[in-house]
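File shown: query-v8.cif (mmCIF, C-alpha atoms).
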```
data_upload
#
loop_
_atom_site.label_atom_id
_atom_site.label_comp_id
_atom_site.auth_asym_id
_atom_site.auth_seq_id
_atom_site.Cartn_x
_atom_site.Cartn_y
_atom_site.Cartn_z
CA MET M 1 0.00 0.00 0.00
CA ALA M 2 1.47 3.32 -1.13
CA LEU M 3 1.14 6.02 1.50
CA THR M 4 4.39 7.87 0.95
CA ALA M 5 2.88 11.09 -0.35
CA GLY M 6 -0.04 11.24 2.05
CA HIS M 7 -3.18 9.42 2.93
CA LEU M 8 -4.57 6.75 0.65
CA LEU M 9 -7.29 8.17 -1.62
CA PHE M 10 -7.60 5.41 -4.23
CA SER M 11 -7.83 1.73 -3.44
CA ARG M 12 -8.84 -0.80 -6.05
CA GLN M 13 -9.46 -4.10 -4.37
CA ARG M 14 -10.38 -7.64 -5.32
CA ILE M 15 -12.71 -8.69 -2.55
CA THR M 16 -14.51 -11.93 -1.83
CA ILE M 17 -17.99 -11.28 -0.53
CA PRO M 18 -19.61 -14.10 1.43
CA ASN M 19 -23.32 -14.66 1.60
CA GLY M 20 -25.05 -12.15 3.82
CA GLN M 21 -23.59 -9.00 5.30
CA SER M 22 -19.86 -8.46 5.44
CA THR M 23 -17.57 -5.55 6.26
CA PHE M 24 -14.59 -4.37 4.20
CA ASP M 25 -11.78 -1.98 5.04
CA THR M 26 -11.36 0.46 2.15
CA GLY M 27 -8.01 1.62 3.49
CA LEU M 28 -9.00 5.23 2.85
CA GLU M 29 -8.26 7.86 5.47
CA GLN M 30 -8.99 11.52 6.02
CA THR M 31 -6.85 13.87 3.99
CA ALA M 32 -5.82 17.27 5.22
CA TRP M 33 -7.54 18.89 2.23
CA ASN M 34 -10.89 20.39 3.01
CA PHE M 35 -13.49 22.24 1.00
CA PHE M 36 -16.03 22.90 3.70
CA PRO M 37 -18.89 21.96 3.64
CA ASP M 38 -18.11 19.04 1.38
CA PRO M 39 -19.58 15.69 2.39
CA GLU M 40 -17.79 13.98 5.22
CA LEU M 41 -15.54 11.00 4.87
CA GLY M 42 -18.31 9.12 6.58
CA GLY M 43 -20.32 8.91 9.74
CA LEU M 44 -19.10 7.07 12.78
CA ASP M 45 -21.80 4.43 12.70
CA PRO M 46 -22.69 1.73 10.19
CA SER M 47 -25.07 3.28 7.72
CA TYR M 48 -28.10 1.17 8.41
CA ALA M 49 -28.43 2.93 11.72
CA ASP M 50 -29.09 6.21 9.92
CA PRO M 51 -28.93 5.75 6.15
CA ASP M 52 -30.16 9.23 5.37
CA GLY M 53 -28.00 10.90 7.98
CA THR M 54 -24.45 11.23 6.74
CA PRO M 55 -23.67 10.84 3.07
CA SER M 56 -20.11 9.64 2.70
CA ARG M 57 -18.05 11.18 -0.06
CA ILE M 58 -16.38 7.82 -0.66
CA MET M 59 -17.22 6.46 -4.10
CA VAL M 60 -17.69 2.70 -4.32
CA VAL M 61 -17.28 2.03 -8.02
CA PRO M 62 -18.16 -1.44 -9.36
CA MET M 63 -15.61 -2.75 -11.83
CA MET M 64 -15.65 -5.64 -14.26
CA PRO M 65 -16.75 -8.33 -14.36
CA THR M 66 -20.03 -6.61 -13.54
CA ASP M 67 -21.93 -9.91 -13.71
CA ASN M 68 -20.40 -10.70 -10.32
CA TRP M 69 -22.18 -7.67 -8.89
CA ALA M 70 -25.62 -9.16 -9.50
CA GLY M 71 -27.63 -8.78 -6.33
CA ILE M 72 -24.84 -6.98 -4.47
CA SER M 73 -25.74 -3.83 -2.56
CA ILE M 74 -23.84 -1.65 -0.15
CA HIS M 75 -24.49 0.41 2.94
CA GLU M 76 -23.21 3.90 3.46
CA PRO M 77 -19.44 3.96 4.08
CA TYR M 78 -18.48 4.96 7.62
CA VAL M 79 -15.38 5.74 9.62
CA ASP M 80 -14.12 3.07 11.95
CA PRO M 81 -12.98 5.03 15.01
CA ALA M 82 -10.52 2.31 15.98
CA THR M 83 -8.51 2.50 12.77
CA GLY M 84 -9.47 5.92 11.43
CA ARG M 85 -10.23 4.32 8.08
CA VAL M 86 -13.41 4.03 6.09
CA PHE M 87 -15.30 0.75 6.10
CA VAL M 88 -18.18 -0.38 3.91
CA ASP M 89 -20.75 -3.07 4.59
CA PHE M 90 -21.78 -5.19 1.62
CA GLU M 91 -24.90 -7.30 1.25
CA ASN M 92 -24.72 -10.44 -0.86
CA PRO M 93 -28.00 -12.39 -1.11
CA GLY M 94 -26.38 -15.16 -3.13
CA ALA M 95 -23.39 -17.42 -2.99
CA GLU M 96 -19.87 -16.18 -2.22
CA VAL M 97 -18.53 -14.09 -5.07
CA THR M 98 -15.36 -12.19 -5.94
CA CYS M 99 -15.69 -8.59 -7.10
CA ASN M 100 -13.33 -5.91 -8.29
CA VAL M 101 -14.12 -2.55 -6.73
CA LEU M 102 -12.59 0.90 -6.69
CA PHE M 103 -12.83 2.81 -3.44
CA TRP M 104 -12.17 6.46 -4.21
CA ASP M 105 -12.06 9.55 -2.03
CA PRO M 106 -12.28 12.44 -4.53
CA HIS M 107 -11.37 15.05 -1.93
CA ALA M 108 -8.01 15.98 -3.37
CA ARG M 109 -9.57 17.15 -6.63
CA ILE M 110 -9.54 20.90 -7.10
CA CYS M 111 -13.29 21.22 -6.82
CA PRO M 112 -16.17 20.80 -4.42
CA LEU M 113 -18.31 17.73 -4.49
CA ASN M 114 -21.70 16.52 -3.43
CA ALA M 115 -23.07 13.13 -2.43
CA ASP M 116 -26.41 11.57 -1.60
CA THR M 117 -26.55 8.58 0.66
CA TYR M 118 -26.36 5.32 -1.25
CA ARG M 119 -29.49 4.01 0.38
CA SER M 120 -32.60 5.48 1.88
CA VAL M 121 -34.38 4.45 5.03
CA GLU M 122 -37.04 2.80 2.92
CA ASP M 123 -34.67 0.33 1.29
CA CYS M 124 -32.71 -0.60 4.39
CA ASP M 125 -33.38 -3.46 6.70
CA PRO M 126 -33.83 -2.36 10.28
CA PRO M 127 -30.84 -2.99 12.53
CA VAL M 128 -30.91 -6.35 14.18
CA GLU M 129 -31.50 -6.13 17.89
CA GLY M 130 -28.31 -6.79 19.78
CA GLN M 131 -26.12 -6.21 16.74
CA SER M 132 -23.11 -4.06 17.41
CA PHE M 133 -20.36 -2.35 15.49
CA ALA M 134 -17.82 -4.59 17.15
CA ASP M 135 -19.64 -7.71 16.03
CA ILE M 136 -19.60 -6.53 12.44
CA SER M 137 -15.97 -5.47 12.51
CA ASN M 138 -15.00 -8.80 13.93
CA GLY M 139 -16.90 -10.65 11.25
CA ASN M 140 -19.30 -12.17 13.72
CA ILE M 141 -22.33 -11.17 11.64
CA MET O 1 -24.33 21.01 -1.82
CA ALA O 2 -20.78 22.24 -1.50
CA GLU O 3 -19.84 24.85 -4.06
CA GLN O 4 -17.85 27.33 -2.03
CA ALA O 5 -14.50 26.45 -3.57
CA GLY O 6 -15.69 26.52 -7.16
CA HIS O 7 -18.07 24.78 -9.46
CA LEU O 8 -19.46 21.39 -8.65
CA LEU O 9 -17.57 18.72 -10.56
CA ILE O 10 -18.38 15.55 -8.65
CA ASN O 11 -21.94 14.69 -7.71
CA ARG O 12 -23.13 11.30 -6.54
CA GLN O 13 -26.88 11.12 -6.62
CA ARG O 14 -29.56 8.68 -5.55
CA ILE O 15 -32.32 9.23 -8.03
CA THR O 16 -35.68 7.67 -8.69
CA LEU O 17 -36.31 7.00 -12.36
CA ALA O 18 -39.89 7.02 -13.53
CA ALA O 19 -40.83 4.77 -16.43
CA GLY O 20 -39.62 6.23 -19.71
CA ASP O 21 -37.35 9.23 -20.20
CA ASN O 22 -36.15 11.22 -17.20
CA ASP O 23 -34.34 14.53 -17.56
CA ILE O 24 -31.81 14.64 -14.71
CA ASP O 25 -29.89 17.72 -13.63
CA THR O 26 -26.37 16.51 -12.81
CA GLY O 27 -25.58 19.78 -11.02
CA LEU O 28 -22.21 19.96 -12.79
CA LYS O 29 -21.04 23.33 -14.07
CA GLN O 30 -18.27 24.59 -16.28
CA THR O 31 -14.97 25.11 -14.52
CA ALA O 32 -12.64 27.95 -15.33
CA LEU O 33 -9.86 25.48 -15.99
CA ASN O 34 -9.46 24.60 -19.63
CA PHE O 35 -7.18 22.24 -21.49
CA ASP O 36 -8.16 22.97 -25.06
CA PRO O 37 -9.03 20.93 -27.11
CA ASP O 38 -10.63 18.71 -24.48
CA PRO O 39 -14.21 17.65 -25.13
CA ASN O 40 -16.80 20.22 -24.11
CA MET O 41 -18.27 19.90 -20.67
CA ALA O 42 -21.41 18.00 -21.58
CA ASP O 43 -19.49 15.45 -23.63
CA ARG O 44 -16.81 14.86 -21.03
CA THR O 45 -19.27 14.30 -18.18
CA MET O 46 -18.89 10.77 -16.88
CA VAL O 47 -22.03 8.87 -15.89
CA LEU O 48 -20.90 6.00 -13.67
CA PRO O 49 -23.39 3.35 -12.55
CA MET O 50 -22.96 2.38 -8.91
CA ALA O 51 -24.23 -0.53 -6.85
CA PRO O 52 -26.76 -2.03 -6.77
CA LEU O 53 -26.20 -2.71 -10.46
CA ASP O 54 -29.36 -4.81 -10.64
CA ASN O 55 -31.35 -1.58 -10.59
CA TRP O 56 -29.57 -0.53 -13.79
CA ALA O 57 -30.92 -3.46 -15.78
CA GLY O 58 -32.21 -2.10 -19.09
CA VAL O 59 -31.47 1.51 -18.15
CA THR O 60 -29.84 3.66 -20.83
CA HIS O 61 -28.99 7.32 -21.16
CA GLU O 62 -28.37 9.85 -23.88
CA ASN O 63 -25.30 11.99 -24.24
CA PRO O 64 -25.28 14.67 -21.54
CA TYR O 65 -26.08 18.19 -22.65
CA TYR O 66 -25.64 21.70 -21.34
CA ASP O 67 -28.84 23.38 -20.19
CA ALA O 68 -28.58 27.11 -20.74
CA GLY O 69 -31.47 27.75 -18.38
CA THR O 70 -29.83 26.23 -15.33
CA GLY O 71 -26.21 26.56 -16.41
CA THR O 72 -25.68 22.92 -15.54
CA VAL O 73 -25.25 19.66 -17.41
CA HIS O 74 -28.33 17.51 -17.80
CA VAL O 75 -28.69 13.94 -18.97
CA VAL O 76 -31.75 12.04 -20.12
CA ILE O 77 -31.93 8.58 -18.57
CA ASN O 78 -34.40 6.06 -19.89
CA ASN O 79 -36.04 3.45 -17.70
CA PRO O 80 -37.70 0.89 -19.96
CA GLY O 81 -39.47 -0.86 -17.11
CA GLY O 82 -43.00 -0.12 -16.11
CA GLU O 83 -42.13 0.70 -12.53
CA PRO O 84 -39.97 3.42 -10.95
CA VAL O 85 -36.51 2.33 -9.93
CA VAL O 86 -33.94 3.90 -7.60
CA ILE O 87 -30.37 4.07 -8.82
CA ASN O 88 -27.09 5.35 -7.47
CA VAL O 89 -25.07 7.24 -10.05
CA LEU O 90 -21.88 9.25 -10.02
CA PHE O 91 -21.74 12.30 -12.29
CA TRP O 92 -18.14 13.40 -12.70
CA ASP O 93 -16.46 16.09 -14.71
CA PRO O 94 -12.80 15.04 -14.76
CA HIS O 95 -11.59 18.40 -16.01
CA THR O 96 -9.55 19.29 -12.95
CA SER O 97 -7.38 16.24 -13.29
CA ILE O 98 -3.89 17.06 -14.47
CA GLY O 99 -4.23 15.48 -17.86
CA PRO O 100 -6.05 15.67 -21.15
CA ILE O 101 -9.34 13.86 -21.74
CA ASP O 102 -10.84 11.98 -24.64
CA VAL O 103 -14.39 10.65 -24.95
CA ASP O 104 -16.69 8.88 -27.38
CA ASP O 105 -20.41 9.55 -27.51
CA TYR O 106 -22.60 7.61 -25.09
CA ASN O 107 -25.22 7.33 -27.82
CA VAL O 108 -26.75 3.88 -27.91
CA VAL O 109 -29.27 4.45 -30.67
CA GLU O 110 -27.41 2.26 -33.14
CA GLN O 111 -26.99 -0.64 -30.76
CA PRO O 112 -29.22 -3.63 -31.44
CA PRO O 113 -32.01 -4.30 -28.97
CA ILE O 114 -31.19 -6.71 -26.19
#
```
Have the structure of the file written as structure tokens, please.
Amino acid sequence: MALTAGHLLFSRQRITIPNGQSTFDTGLEQTAWNFFPDPELGGLDPSYADPDGTPSRIMVVPMMPTDNWAGISIHEPYVDPATGRVFVDFENPGAEVTCNVLFWDPHARICPLNADTYRSVEDCDPPVEGQSFADISNGNI
Amino acid sequence: MAEQAGHLLINRQRITLAAGDNDIDTGLKQTALNFDPDPNMADRTMVLPMAPLDNWAGVTHENPYYDAGTGTVHVVINNPGGEPVVINVLFWDPHTSIGPIDVDDYNVVEQPPI
């Protein structure tokens, strides 16, 4: 991972997504650049707790083969306070699949930006009672 | 919407497409930076589908165009299904990147039906 010139802002990853909900570390961190009031890097809670609350400026860009993305959806990216990096929860209703994905923080561009949340309250499952951030981070869910 | 530092060049939107053609305002505006002879702003606007890609099934769009009334780039997105669908899309004007740009038309008119 190349971090010599600053924080990581681009991370293309080949990830294997198991059935159900899983959490991935994008590796992206806050940069010192700021164009207030641009969207935040992400909220501090997994998105399904408040999907319309904090749009993350992190772009989760599906890459080929796009067939592998069939059925895949994501939650809003959020900042993991333990690592300071952005995490994203994926939902895979089918069998385990490998996807190529580009995680991109466009903040170092010389321009402002805007972002909606990826999901709305209406299309999110309610949080499971007893589910915690720690459980998700540890892969227990 | 953050525009204090200049014109909006990156805009991720969650939009609901009605059946048929939908004229969508990308919110993107011309930047003062120019690397002639780059494509004009409407042509160089990138329309990137984002997950869930299932919601993009059958969806097509025309080449973006500049709307003189709003001063922003618009794009017509067609939803061939009979029901509204919600999509995530990234509209991006890459003009502030330190490099030239080349684009082909998005036009899909000549493509055979699926």
Exercise. Can you list, as a list in words, every protein, DNA or RNA residue that comes within 9 Å of Asp21 (chain O) when you count only C-alpha atoms, leaving out same-chain residues fewer than 3 positions away?
Worked result: Leu17, Ala18, His61, Val76, Ile77, Asn78, Asn79 and Pro80 of chain O
For this session: Report as an MDAnalysis selection string the full result of the PyMOL selection byres ((chain M and resi 17) around 8) when it is applied to this structure.
Result: chainID M and resid 15:16 18:19 22 90 92 96:99
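Here CA of Pro55 (chain M) stands at a distance of 28.2 Å from CA of Gly81 (chain O).
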Exercise. Expanded to explicit residues, what is the PyMOL selection byres ((chain O and resi 71) around 12) for this file, as a ChimeraX atom specification?
Worked result: /O:7-8,25-31,41-42,65-70,72-74
For this session: Work out how far CA of Met59 (chain M) is from CA of Ile10 (chain O), in Å to one decimal.
Result: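 Atom-to-atom, CA of Ile10 (chain O) to CA of Met59 (chain M), that is 10.2 Å.
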For this session: Run the PyMOL selection byres ((chain M and resi 27) around 9) on the file and write out the hits as a ChimeraX atom specification.
Result: /M:1,8-11,24-26,28-29,85-87,103
For the residues in that selection, give me C-alpha atoms as a PDB file, in the coordinates of the input.
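Output contents, as saved in selection.pdb:
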```
ATOM      1  CA  MET M   1       0.000   0.000   0.000  1.00  0.00           C
ATOM      2  CA  LEU M   8      -4.570   6.750   0.650  1.00  0.00           C
ATOM      3  CA  LEU M   9      -7.290   8.170  -1.620  1.00  0.00           C
ATOM      4  CA  PHE M  10      -7.600   5.410  -4.230  1.00  0.00           C
ATOM      5  CA  SER M  11      -7.830   1.730  -3.440  1.00  0.00           C
ATOM      6  CA  PHE M  24     -14.590  -4.370   4.200  1.00  0.00           C
ATOM      7  CA  ASP M  25     -11.780  -1.980   5.040  1.00  0.00           C
ATOM      8  CA  THR M  26     -11.360   0.460   2.150  1.00  0.00           C
ATOM      9  CA  LEU M  28      -9.000   5.230   2.850  1.00  0.00           C
ATOM     10  CA  GLU M  29      -8.260   7.860   5.470  1.00  0.00           C
ATOM     11  CA  ARG M  85     -10.230   4.320   8.080  1.00  0.00           C
ATOM     12  CA  VAL M  86     -13.410   4.030   6.090  1.00  0.00           C
ATOM     13  CA  PHE M  87     -15.300   0.750   6.100  1.00  0.00           C
ATOM     14  CA  PHE M 103     -12.830   2.810  -3.440  1.00  0.00           C
TER      15      PHE M 103
END
```
Problem set entry | Among listed residues M:Gly53, M:Met64, M:Arg119, M:Gly94, nearest Gly20 (chain M) (using only C-alpha atoms) | M:Gly94
Problem set entry | Within-8 Å shell of (-24.1, 14.7, 3.5) in input frame, all atoms listed in the file, as a PyMOL selection string | chain M and resi 38-40+53-57+114-117
Exercise. Contacts of Ile74 (chain M) at 7 Å or less, counting only C-alpha atoms, minus same-chain residues fewer than 4 places along, as JSON, numbers by chain?
Worked result: {"M": [89, 90, 91], "O": [51]}
For this session: Would you please work out which residue, of O:Asp43, O:Asp93, O:Asp54, O:Asp23, is nearest to chain M when using only C-alpha atoms?
Result: O:Asp54
Exercise. What is the CA of Pro77 (chain M) to CA of Val60 (chain M) distance in Å?
Worked result: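 Answer for the CA of Pro77 (chain M) to CA of Val60 (chain M) separation: 8.7 Å.
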Exercise. Restricting the calculation to only C-alpha atoms, which member of M:Ile72, M:Val101, M:Ala95, M:Val79 is positioned closest to chain O?
Worked result: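 Ranking M:Ile72, M:Val101, M:Ala95, M:Val79 by distance to chain O, first place goes to M:Ile72.
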For this session: Kindly indicate which residue among O:Asn88, O:Thr16, O:Asn40, O:Asn22 lies nearest to chain M, using all atoms listed in the file for the distances.
Result: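 Nearest to chain M: O:Asn88.
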May I ask you to restore N, CA and C atoms in region 41-76 of chain O and write the result as a tab-separated table (two decimals), keeping the file's coordinate frame?
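File rebuild.tsv, as written:
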```tsv
chain	number	residue	atom	x	y	z
O	41	MET	N	-17.91	20.40	-22.00
O	41	MET	CA	-18.27	19.90	-20.67
O	41	MET	C	-19.34	18.81	-20.71
O	42	ALA	N	-20.35	19.01	-21.54
O	42	ALA	CA	-21.41	18.00	-21.58
O	42	ALA	C	-20.86	16.66	-22.05
O	43	ASP	N	-20.02	16.70	-23.08
O	43	ASP	CA	-19.49	15.45	-23.63
O	43	ASP	C	-18.55	14.75	-22.66
O	44	ARG	N	-17.80	15.51	-21.89
O	44	ARG	CA	-16.81	14.86	-21.03
O	44	ARG	C	-17.40	14.43	-19.69
O	45	THR	N	-18.66	14.72	-19.44
O	45	THR	CA	-19.27	14.30	-18.18
O	45	THR	C	-19.37	12.78	-18.13
O	46	MET	N	-18.86	12.21	-17.06
O	46	MET	CA	-18.89	10.77	-16.88
O	46	MET	C	-20.13	10.38	-16.08
O	47	VAL	N	-20.84	9.38	-16.58
O	47	VAL	CA	-22.03	8.87	-15.89
O	47	VAL	C	-21.70	7.46	-15.44
O	48	LEU	N	-21.39	7.29	-14.17
O	48	LEU	CA	-20.90	6.00	-13.67
O	48	LEU	C	-21.99	5.29	-12.86
O	49	PRO	N	-22.44	4.14	-13.33
O	49	PRO	CA	-23.39	3.35	-12.55
O	49	PRO	C	-22.74	2.85	-11.27
O	50	MET	N	-23.48	2.87	-10.18
O	50	MET	CA	-22.96	2.38	-8.91
O	50	MET	C	-23.93	1.34	-8.35
O	51	ALA	N	-23.43	0.56	-7.42
O	51	ALA	CA	-24.23	-0.53	-6.85
O	51	ALA	C	-25.47	0.03	-6.15
O	52	PRO	N	-26.58	-0.69	-6.20
O	52	PRO	CA	-26.76	-2.03	-6.77
O	52	PRO	C	-26.96	-1.98	-8.28
O	53	LEU	N	-26.13	-2.74	-9.00
O	53	LEU	CA	-26.20	-2.71	-10.46
O	53	LEU	C	-27.47	-3.35	-10.99
O	54	ASP	N	-28.10	-4.21	-10.18
O	54	ASP	CA	-29.36	-4.81	-10.64
O	54	ASP	C	-30.38	-3.75	-11.03
O	55	ASN	N	-30.36	-2.63	-10.31
O	55	ASN	CA	-31.35	-1.58	-10.59
O	55	ASN	C	-31.08	-0.89	-11.92
O	56	TRP	N	-29.91	-1.12	-12.50
O	56	TRP	CA	-29.57	-0.53	-13.79
O	56	TRP	C	-29.98	-1.41	-14.96
O	57	ALA	N	-30.56	-2.55	-14.69
O	57	ALA	CA	-30.92	-3.46	-15.78
O	57	ALA	C	-31.83	-2.75	-16.78
O	58	GLY	N	-31.40	-2.71	-18.03
O	58	GLY	CA	-32.21	-2.10	-19.09
O	58	GLY	C	-32.12	-0.59	-19.17
O	59	VAL	N	-31.53	0.04	-18.17
O	59	VAL	CA	-31.47	1.51	-18.15
O	59	VAL	C	-30.43	2.01	-19.14
O	60	THR	N	-30.78	3.03	-19.90
O	60	THR	CA	-29.84	3.66	-20.83
O	60	THR	C	-29.91	5.17	-20.64
O	61	HIS	N	-28.92	5.85	-21.21
O	61	HIS	CA	-28.99	7.32	-21.16
O	61	HIS	C	-28.43	7.91	-22.43
O	62	GLU	N	-28.85	9.13	-22.70
O	62	GLU	CA	-28.37	9.85	-23.88
O	62	GLU	C	-27.07	10.56	-23.52
O	63	ASN	N	-26.48	11.19	-24.53
O	63	ASN	CA	-25.30	11.99	-24.24
O	63	ASN	C	-25.71	13.19	-23.37
O	64	PRO	N	-24.96	13.50	-22.34
O	64	PRO	CA	-25.28	14.67	-21.54
O	64	PRO	C	-25.28	15.94	-22.38
O	65	TYR	N	-26.03	16.92	-21.91
O	65	TYR	CA	-26.08	18.19	-22.65
O	65	TYR	C	-26.10	19.36	-21.67
O	66	TYR	N	-25.67	20.50	-22.17
O	66	TYR	CA	-25.64	21.70	-21.34
O	66	TYR	C	-26.99	22.40	-21.42
O	67	ASP	N	-27.56	22.69	-20.25
O	67	ASP	CA	-28.84	23.38	-20.19
O	67	ASP	C	-28.57	24.85	-19.90
O	68	ALA	N	-28.87	25.69	-20.89
O	68	ALA	CA	-28.58	27.11	-20.74
O	68	ALA	C	-29.43	27.75	-19.65
O	69	GLY	N	-30.59	27.18	-19.40
O	69	GLY	CA	-31.47	27.75	-18.38
O	69	GLY	C	-30.92	27.61	-16.97
O	70	THR	N	-30.35	26.46	-16.67
O	70	THR	CA	-29.83	26.23	-15.33
O	70	THR	C	-28.31	26.43	-15.25
O	71	GLY	N	-27.66	26.43	-16.41
O	71	GLY	CA	-26.21	26.56	-16.41
O	71	GLY	C	-25.52	25.30	-15.96
O	72	THR	N	-26.25	24.19	-15.98
O	72	THR	CA	-25.68	22.92	-15.54
O	72	THR	C	-25.84	21.88	-16.64
O	73	VAL	N	-25.15	20.77	-16.45
O	73	VAL	CA	-25.25	19.66	-17.41
O	73	VAL	C	-26.43	18.77	-17.02
O	74	HIS	N	-27.23	18.44	-18.00
O	74	HIS	CA	-28.33	17.51	-17.80
O	74	HIS	C	-28.07	16.23	-18.58
O	75	VAL	N	-28.77	15.18	-18.20
O	75	VAL	CA	-28.69	13.94	-18.97
O	75	VAL	C	-30.06	13.28	-18.92
O	76	VAL	N	-30.48	12.76	-20.05
O	76	VAL	CA	-31.75	12.04	-20.12
O	76	VAL	C	-31.48	10.56	-19.92
```
